[in-house]
$ cat entry26.pdb   # PDB, C-alpha atoms
MODEL        1
ATOM      1  CA  MET A   1       0.000   0.000   0.000
ATOM      2  CA  LYS A   2       2.863   2.321   0.833
ATOM      3  CA  LEU A   3       4.424   2.051  -2.553
ATOM      4  CA  PHE A   4       1.145   2.598  -4.319
ATOM      5  CA  LEU A   5       1.584   6.322  -4.171
ATOM      6  CA  ALA A   6       5.134   6.291  -5.210
ATOM      7  CA  LEU A   7       4.423   4.215  -8.229
ATOM      8  CA  ALA A   8       1.338   6.043  -9.197
ATOM      9  CA  VAL A   9       3.065   9.331  -9.495
ATOM     10  CA  LEU A  10       5.861   7.995 -11.563
ATOM     11  CA  VAL A  11       4.094   6.531 -14.465
ATOM     12  CA  SER A  12       1.044   8.414 -15.775
ATOM     13  CA  THR A  13       0.376  11.649 -17.649
ATOM     14  CA  THR A  14      -2.473  13.410 -19.385
ATOM     15  CA  ALA A  15      -2.785  13.838 -23.156
ATOM     16  CA  ALA A  16      -5.423  14.133 -25.818
ATOM     17  CA  PHE A  17      -5.157  10.601 -27.242
ATOM     18  CA  ALA A  18      -5.999   8.377 -24.274
ATOM     19  CA  ASP A  19      -6.471   8.436 -20.556
ATOM     20  CA  PRO A  20      -3.430   7.652 -18.445
ATOM     21  CA  LYS A  21      -3.602   4.659 -16.146
ATOM     22  CA  LEU A  22      -1.423   3.868 -13.173
ATOM     23  CA  THR A  23      -1.575   0.418 -11.586
ATOM     24  CA  LEU A  24       0.106  -0.630  -8.357
ATOM     25  CA  LEU A  25       0.628  -4.386  -8.086
ATOM     26  CA  VAL A  26       0.702  -5.293  -4.400
ATOM     27  CA  ASN A  27       1.691  -8.703  -3.043
ATOM     28  CA  LEU A  28       0.374  -9.800   0.332
ATOM     29  CA  SER A  29       1.973 -12.003   2.929
ATOM     30  CA  PRO A  30       1.430 -14.827   3.706
ATOM     31  CA  ALA A  31      -0.444 -15.063   0.369
ATOM     32  CA  GLY A  32      -2.505 -13.113  -2.128
ATOM     33  CA  SER A  33      -2.290  -9.856  -4.033
ATOM     34  CA  PHE A  34      -4.353  -6.915  -5.241
ATOM     35  CA  GLN A  35      -4.131  -3.957  -7.602
ATOM     36  CA  ALA A  36      -4.709  -0.268  -6.924
ATOM     37  CA  VAL A  37      -5.596   1.741 -10.037
ATOM     38  CA  SER A  38      -5.787   5.466 -10.748
ATOM     39  CA  ASN A  39      -6.898   7.156 -13.955
ATOM     40  CA  LYS A  40      -6.397  10.630 -12.440
ATOM     41  CA  VAL A  41      -2.763  11.315 -13.292
ATOM     42  CA  LYS A  42      -1.765  14.894 -14.134
ATOM     43  CA  GLY A  43       1.179  16.022 -16.238
ATOM     44  CA  ASN A  44       2.599  15.901 -19.747
ATOM     45  CA  LEU A  45       5.026  13.461 -21.294
ATOM     46  CA  ILE A  46       6.851  15.016 -24.254
ATOM     47  CA  LYS A  47       8.594  13.118 -27.052
ATOM     48  CA  THR A  48      11.440  14.886 -28.846
ATOM     49  CA  GLY A  49      13.055  12.653 -31.456
ATOM     50  CA  ASP A  50      13.525   9.325 -29.682
ATOM     51  CA  ALA A  51      13.749  10.855 -26.183
ATOM     52  CA  PHE A  52      10.987  11.419 -23.597
ATOM     53  CA  THR A  53      10.817  14.067 -20.854
ATOM     54  CA  ALA A  54       8.359  15.264 -18.231
ATOM     55  CA  ASP A  55       8.857  18.108 -15.777
ATOM     56  CA  LYS A  56       6.236  16.905 -13.304
ATOM     57  CA  ILE A  57       3.726  14.059 -13.168
ATOM     58  CA  SER A  58       1.456  13.748 -10.131
ATOM     59  CA  VAL A  59      -1.368  11.648  -8.786
ATOM     60  CA  THR A  60      -3.660  12.221  -5.839
ATOM     61  CA  VAL A  61      -3.311   9.364  -3.373
ATOM     62  CA  GLU A  62      -7.054   9.176  -2.788
ATOM     63  CA  SER A  63      -7.650   8.551  -6.516
ATOM     64  CA  PHE A  64      -6.341   4.970  -6.167
ATOM     65  CA  LYS A  65      -9.080   2.366  -6.097
ATOM     66  CA  THR A  66      -8.642  -1.315  -5.213
ATOM     67  CA  GLY A  67     -12.206  -2.539  -5.680
ATOM     68  CA  ILE A  68     -12.847  -2.712  -1.926
ATOM     69  CA  GLU A  69     -13.800   0.533  -0.175
ATOM     70  CA  LEU A  70     -12.309  -0.397   3.226
ATOM     71  CA  ARG A  71      -9.007  -1.407   1.591
ATOM     72  CA  ASP A  72      -8.995   1.932  -0.288
ATOM     73  CA  GLU A  73      -9.338   3.789   3.023
ATOM     74  CA  HIS A  74      -6.548   1.729   4.607
ATOM     75  CA  LEU A  75      -4.308   2.442   1.612
ATOM     76  CA  TRP A  76      -4.920   6.183   1.797
ATOM     77  CA  LYS A  77      -4.319   6.249   5.553
ATOM     78  CA  HIS A  78      -1.167   4.154   5.198
ATOM     79  CA  MET A  79       0.164   6.506   2.507
ATOM     80  CA  GLN A  80      -0.603   9.410   4.857
ATOM     81  CA  ALA A  81      -2.820  11.122   2.288
ATOM     82  CA  SER A  82      -3.994  13.696   4.844
ATOM     83  CA  LYS A  83      -0.395  15.003   5.237
ATOM     84  CA  HIS A  84       0.906  14.237   1.737
ATOM     85  CA  PRO A  85      -2.087  14.116  -0.646
ATOM     86  CA  LYS A  86      -0.047  13.665  -3.829
ATOM     87  CA  ALA A  87       2.730  11.485  -5.152
ATOM     88  CA  THR A  88       4.948  13.251  -7.673
ATOM     89  CA  LEU A  89       7.487  12.220 -10.273
ATOM     90  CA  THR A  90       9.804  14.977 -11.486
ATOM     91  CA  ALA A  91      12.729  15.419 -13.870
ATOM     92  CA  VAL A  92      11.751  12.419 -15.997
ATOM     93  CA  LYS A  93      14.187  11.617 -18.805
ATOM     94  CA  GLY A  94      14.072   8.539 -20.998
ATOM     95  CA  GLN A  95      15.618   7.104 -24.117
ATOM     96  CA  GLY A  96      16.112   3.624 -25.554
ATOM     97  CA  GLY A  97      13.589   1.936 -23.272
ATOM     98  CA  LYS A  98      15.132   3.185 -19.993
ATOM     99  CA  ALA A  99      14.088   6.239 -17.955
ATOM    100  CA  THR A 100      14.932   7.978 -14.692
ATOM    101  CA  GLY A 101      13.195  10.492 -12.466
ATOM    102  CA  THR A 102      12.724  11.596  -8.878
ATOM    103  CA  LEU A 103       9.728  10.181  -7.027
ATOM    104  CA  GLU A 104       8.277  11.956  -4.008
ATOM    105  CA  VAL A 105       5.993  10.006  -1.697
ATOM    106  CA  ASN A 106       5.213  10.835   1.934
ATOM    107  CA  GLY A 107       7.389  13.955   1.627
ATOM    108  CA  ILE A 108      10.495  11.897   0.772
ATOM    109  CA  LYS A 109      12.266  12.135  -2.586
ATOM    110  CA  LYS A 110      14.126   9.178  -4.120
ATOM    111  CA  PRO A 111      15.573   8.525  -7.581
ATOM    112  CA  VAL A 112      13.779   5.855  -9.611
ATOM    113  CA  THR A 113      14.703   3.897 -12.712
ATOM    114  CA  MET A 114      12.112   2.417 -15.027
ATOM    115  CA  SER A 115      11.828   0.526 -18.282
ATOM    116  CA  TYR A 116       9.367   1.452 -20.993
ATOM    117  CA  LYS A 117       8.190   0.638 -24.490
ATOM    118  CA  VAL A 118       6.267   2.678 -27.012
ATOM    119  CA  ALA A 119       2.961   1.322 -28.306
ATOM    120  CA  GLY A 120       1.356   3.654 -30.827
ATOM    121  CA  GLN A 121       0.838   7.027 -29.126
ATOM    122  CA  GLU A 122       1.367   5.674 -25.602
ATOM    123  CA  VAL A 123       4.259   4.724 -23.389
ATOM    124  CA  LEU A 124       3.998   1.584 -21.254
ATOM    125  CA  ALA A 125       6.303   1.924 -18.227
ATOM    126  CA  LYS A 126       7.256  -0.446 -15.390
ATOM    127  CA  PHE A 127       9.252  -0.022 -12.208
ATOM    128  CA  SER A 128       9.439  -1.175  -8.596
ATOM    129  CA  VAL A 129       9.704   0.780  -5.352
ATOM    130  CA  LYS A 130      10.205  -0.073  -1.692
ATOM    131  CA  ALA A 131       7.665   1.396   0.718
ATOM    132  CA  SER A 132      10.316   1.514   3.446
ATOM    133  CA  ASP A 133      12.419   3.873   1.276
ATOM    134  CA  PHE A 134       9.622   6.432   1.709
ATOM    135  CA  ALA A 135       9.321   5.990   5.498
ATOM    136  CA  LEU A 136       5.907   4.377   5.174
ATOM    137  CA  PRO A 137       5.040   2.135   8.107
ATOM    138  CA  LYS A 138       4.676  -1.590   7.648
ATOM    139  CA  ALA A 139       1.145  -2.331   6.483
ATOM    140  CA  GLU A 140      -0.802  -5.142   8.116
ATOM    141  CA  TYR A 141      -4.491  -5.849   8.702
ATOM    142  CA  LEU A 142      -5.950  -8.918  10.430
ATOM    143  CA  GLY A 143      -2.639 -10.782  10.146
ATOM    144  CA  VAL A 144      -2.135 -10.109   6.434
ATOM    145  CA  GLY A 145       0.783  -7.880   5.533
ATOM    146  CA  VAL A 146       1.855  -5.972   2.443
ATOM    147  CA  ASP A 147       5.241  -6.800   0.894
ATOM    148  CA  ASP A 148       7.753  -3.940   1.008
ATOM    149  CA  VAL A 149       8.292  -3.991  -2.775
ATOM    150  CA  VAL A 150       5.467  -2.697  -4.948
ATOM    151  CA  ASN A 151       5.510  -3.070  -8.731
ATOM    152  CA  VAL A 152       4.130  -0.213 -10.792
ATOM    153  CA  GLU A 153       2.771  -0.345 -14.328
ATOM    154  CA  ALA A 154       1.706   2.782 -16.171
ATOM    155  CA  THR A 155       0.222   3.530 -19.528
ATOM    156  CA  PHE A 156       0.258   7.140 -20.604
ATOM    157  CA  PRO A 157      -0.039   9.086 -23.833
ATOM    158  CA  PHE A 158       2.689  11.424 -25.040
ATOM    159  CA  LYS A 159       2.838  14.616 -27.056
ATOM    160  CA  ALA A 160       5.359  14.949 -29.868
ATOM    161  CA  LYS A 161       7.343  18.159 -29.955
TER     162      LYS A 161
ENDMDL
END

$ encode --input "entry26.pdb" --output "structure tokens"
Amino acid sequence: MKLFLALAVLVSTTAAFADPKLTLLVNLSPAGSFQAVSNKVKGNLIKTGDAFTADKISVTVESFKTGIELRDEHLWKHMQASKHPKATLTAVKGQGGKATGTLEVNGIKKPVTMSYKVAGQEVLAKFSVKASDFALPKAEYLGVGVDDVVNVEATFPFKAK
């Protein structure tokens, strides 16, 4: 749950061709998994030649939905949405299927590296983050915990410059 925010910010932007989508893939311990999805990502991804850049991409933590209202509320509380309502990815630079940026979650900034591929007028990006890197407390409810590593998948349109 902690990493949901971090991942969400990193991967989605807004453009005219399609809606961005950010998906957090969360593994549970001892078993199970769930996804948290947001279609409310703000920002612009710009393509210049074969390179991609974005100054700032953000997502509101409370825009993530898991399909279960109580789990949504636990996620938002865990990500400290009342203190840090947005997750932000800044200084994004990518070329050749690899990209970097700075992810801010829970008021903490960390560099991130991601892989991506271009599909039509969209970029499909993937990366992983550790919730503990963003000082998010260990998440557990009724004996089921959330793994520290959260995988993020994002689909977002780009604008050619």

$ resolve_selection --input "entry26.pdb" --expression "the PyMOL selection byres ((chain A and resi 35-48) around 8)" --output "PyMOL selection string"
chain A and resi 4+8-9+12-15+19-26+33-34+49-60+63-67+156-161

$ resolve_selection --input "entry26.pdb" --expression "the PyMOL selection byres ((chain A and resi 132-147) around 9)" --output "PyMOL selection string"
chain A and resi 1-3+6+26-31+33+74-75+78-80+104-110+129-131+148-150

$ write_last_selection --input "entry26.pdb" --atoms "C-alpha atoms" --output "PDB file, in the frame of the given file"
ATOM      1  CA  MET A   1       0.000   0.000   0.000  1.00  0.00           C
ATOM      2  CA  LYS A   2       2.863   2.321   0.833  1.00  0.00           C
ATOM      3  CA  LEU A   3       4.424   2.051  -2.553  1.00  0.00           C
ATOM      4  CA  ALA A   6       5.134   6.291  -5.210  1.00  0.00           C
ATOM      5  CA  VAL A  26       0.702  -5.293  -4.400  1.00  0.00           C
ATOM      6  CA  ASN A  27       1.691  -8.703  -3.043  1.00  0.00           C
ATOM      7  CA  LEU A  28       0.374  -9.800   0.332  1.00  0.00           C
ATOM      8  CA  SER A  29       1.973 -12.003   2.929  1.00  0.00           C
ATOM      9  CA  PRO A  30       1.430 -14.827   3.706  1.00  0.00           C
ATOM     10  CA  ALA A  31      -0.444 -15.063   0.369  1.00  0.00           C
ATOM     11  CA  SER A  33      -2.290  -9.856  -4.033  1.00  0.00           C
ATOM     12  CA  HIS A  74      -6.548   1.729   4.607  1.00  0.00           C
ATOM     13  CA  LEU A  75      -4.308   2.442   1.612  1.00  0.00           C
ATOM     14  CA  HIS A  78      -1.167   4.154   5.198  1.00  0.00           C
ATOM     15  CA  MET A  79       0.164   6.506   2.507  1.00  0.00           C
ATOM     16  CA  GLN A  80      -0.603   9.410   4.857  1.00  0.00           C
ATOM     17  CA  GLU A 104       8.277  11.956  -4.008  1.00  0.00           C
ATOM     18  CA  VAL A 105       5.993  10.006  -1.697  1.00  0.00           C
ATOM     19  CA  ASN A 106       5.213  10.835   1.934  1.00  0.00           C
ATOM     20  CA  GLY A 107       7.389  13.955   1.627  1.00  0.00           C
ATOM     21  CA  ILE A 108      10.495  11.897   0.772  1.00  0.00           C
ATOM     22  CA  LYS A 109      12.266  12.135  -2.586  1.00  0.00           C
ATOM     23  CA  LYS A 110      14.126   9.178  -4.120  1.00  0.00           C
ATOM     24  CA  VAL A 129       9.704   0.780  -5.352  1.00  0.00           C
ATOM     25  CA  LYS A 130      10.205  -0.073  -1.692  1.00  0.00           C
ATOM     26  CA  ALA A 131       7.665   1.396   0.718  1.00  0.00           C
ATOM     27  CA  ASP A 148       7.753  -3.940   1.008  1.00  0.00           C
ATOM     28  CA  VAL A 149       8.292  -3.991  -2.775  1.00  0.00           C
ATOM     29  CA  VAL A 150       5.467  -2.697  -4.948  1.00  0.00           C
TER      30      VAL A 150
END

$ closest_residue --input "entry26.pdb" --among "A:Val152, A:Ser128, A:Ser115, A:Val61" --to "Ser82 in chain A" --atoms "only C-alpha atoms"
A:Val61

$ resolve_selection --input "entry26.pdb" --expression "the PyMOL selection byres ((chain A and resi 90) around 6)" --output "list of chain:residue names"
A:Asp55, A:Lys56, A:Leu89, A:Ala91, A:Val92, A:Gly101, A:Thr102

$ residues_around --input "entry26.pdb" --residues "Phe127 in chain A" --least-positions-apart "4" --cutoff "10 Å" --atoms "all atoms listed in the file" --output "list in words"
Leu7, Leu10, Val11, Leu24, Ala99, Val112, Thr113, Met114, Ser115, Tyr116, Val150, Asn151, Val152, Glu153 and Ala154 of chain A

$ write_last_selection --input "entry26.pdb" --atoms "C-alpha atoms" --output "PDB file, in the coordinates of the input"
ATOM      1  CA  LEU A   7       4.423   4.215  -8.229  1.00  0.00           C
ATOM      2  CA  LEU A  10       5.861   7.995 -11.563  1.00  0.00           C
ATOM      3  CA  VAL A  11       4.094   6.531 -14.465  1.00  0.00           C
ATOM      4  CA  LEU A  24       0.106  -0.630  -8.357  1.00  0.00           C
ATOM      5  CA  ALA A  99      14.088   6.239 -17.955  1.00  0.00           C
ATOM      6  CA  VAL A 112      13.779   5.855  -9.611  1.00  0.00           C
ATOM      7  CA  THR A 113      14.703   3.897 -12.712  1.00  0.00           C
ATOM      8  CA  MET A 114      12.112   2.417 -15.027  1.00  0.00           C
ATOM      9  CA  SER A 115      11.828   0.526 -18.282  1.00  0.00           C
ATOM     10  CA  TYR A 116       9.367   1.452 -20.993  1.00  0.00           C
ATOM     11  CA  VAL A 150       5.467  -2.697  -4.948  1.00  0.00           C
ATOM     12  CA  ASN A 151       5.510  -3.070  -8.731  1.00  0.00           C
ATOM     13  CA  VAL A 152       4.130  -0.213 -10.792  1.00  0.00           C
ATOM     14  CA  GLU A 153       2.771  -0.345 -14.328  1.00  0.00           C
ATOM     15  CA  ALA A 154       1.706   2.782 -16.171  1.00  0.00           C
TER      16      ALA A 154
END

$ atom_distance --input "entry26.pdb" --atom1 "CA of Val118 in chain A" --atom2 "CA of Gly97 in chain A"
8.3 Å
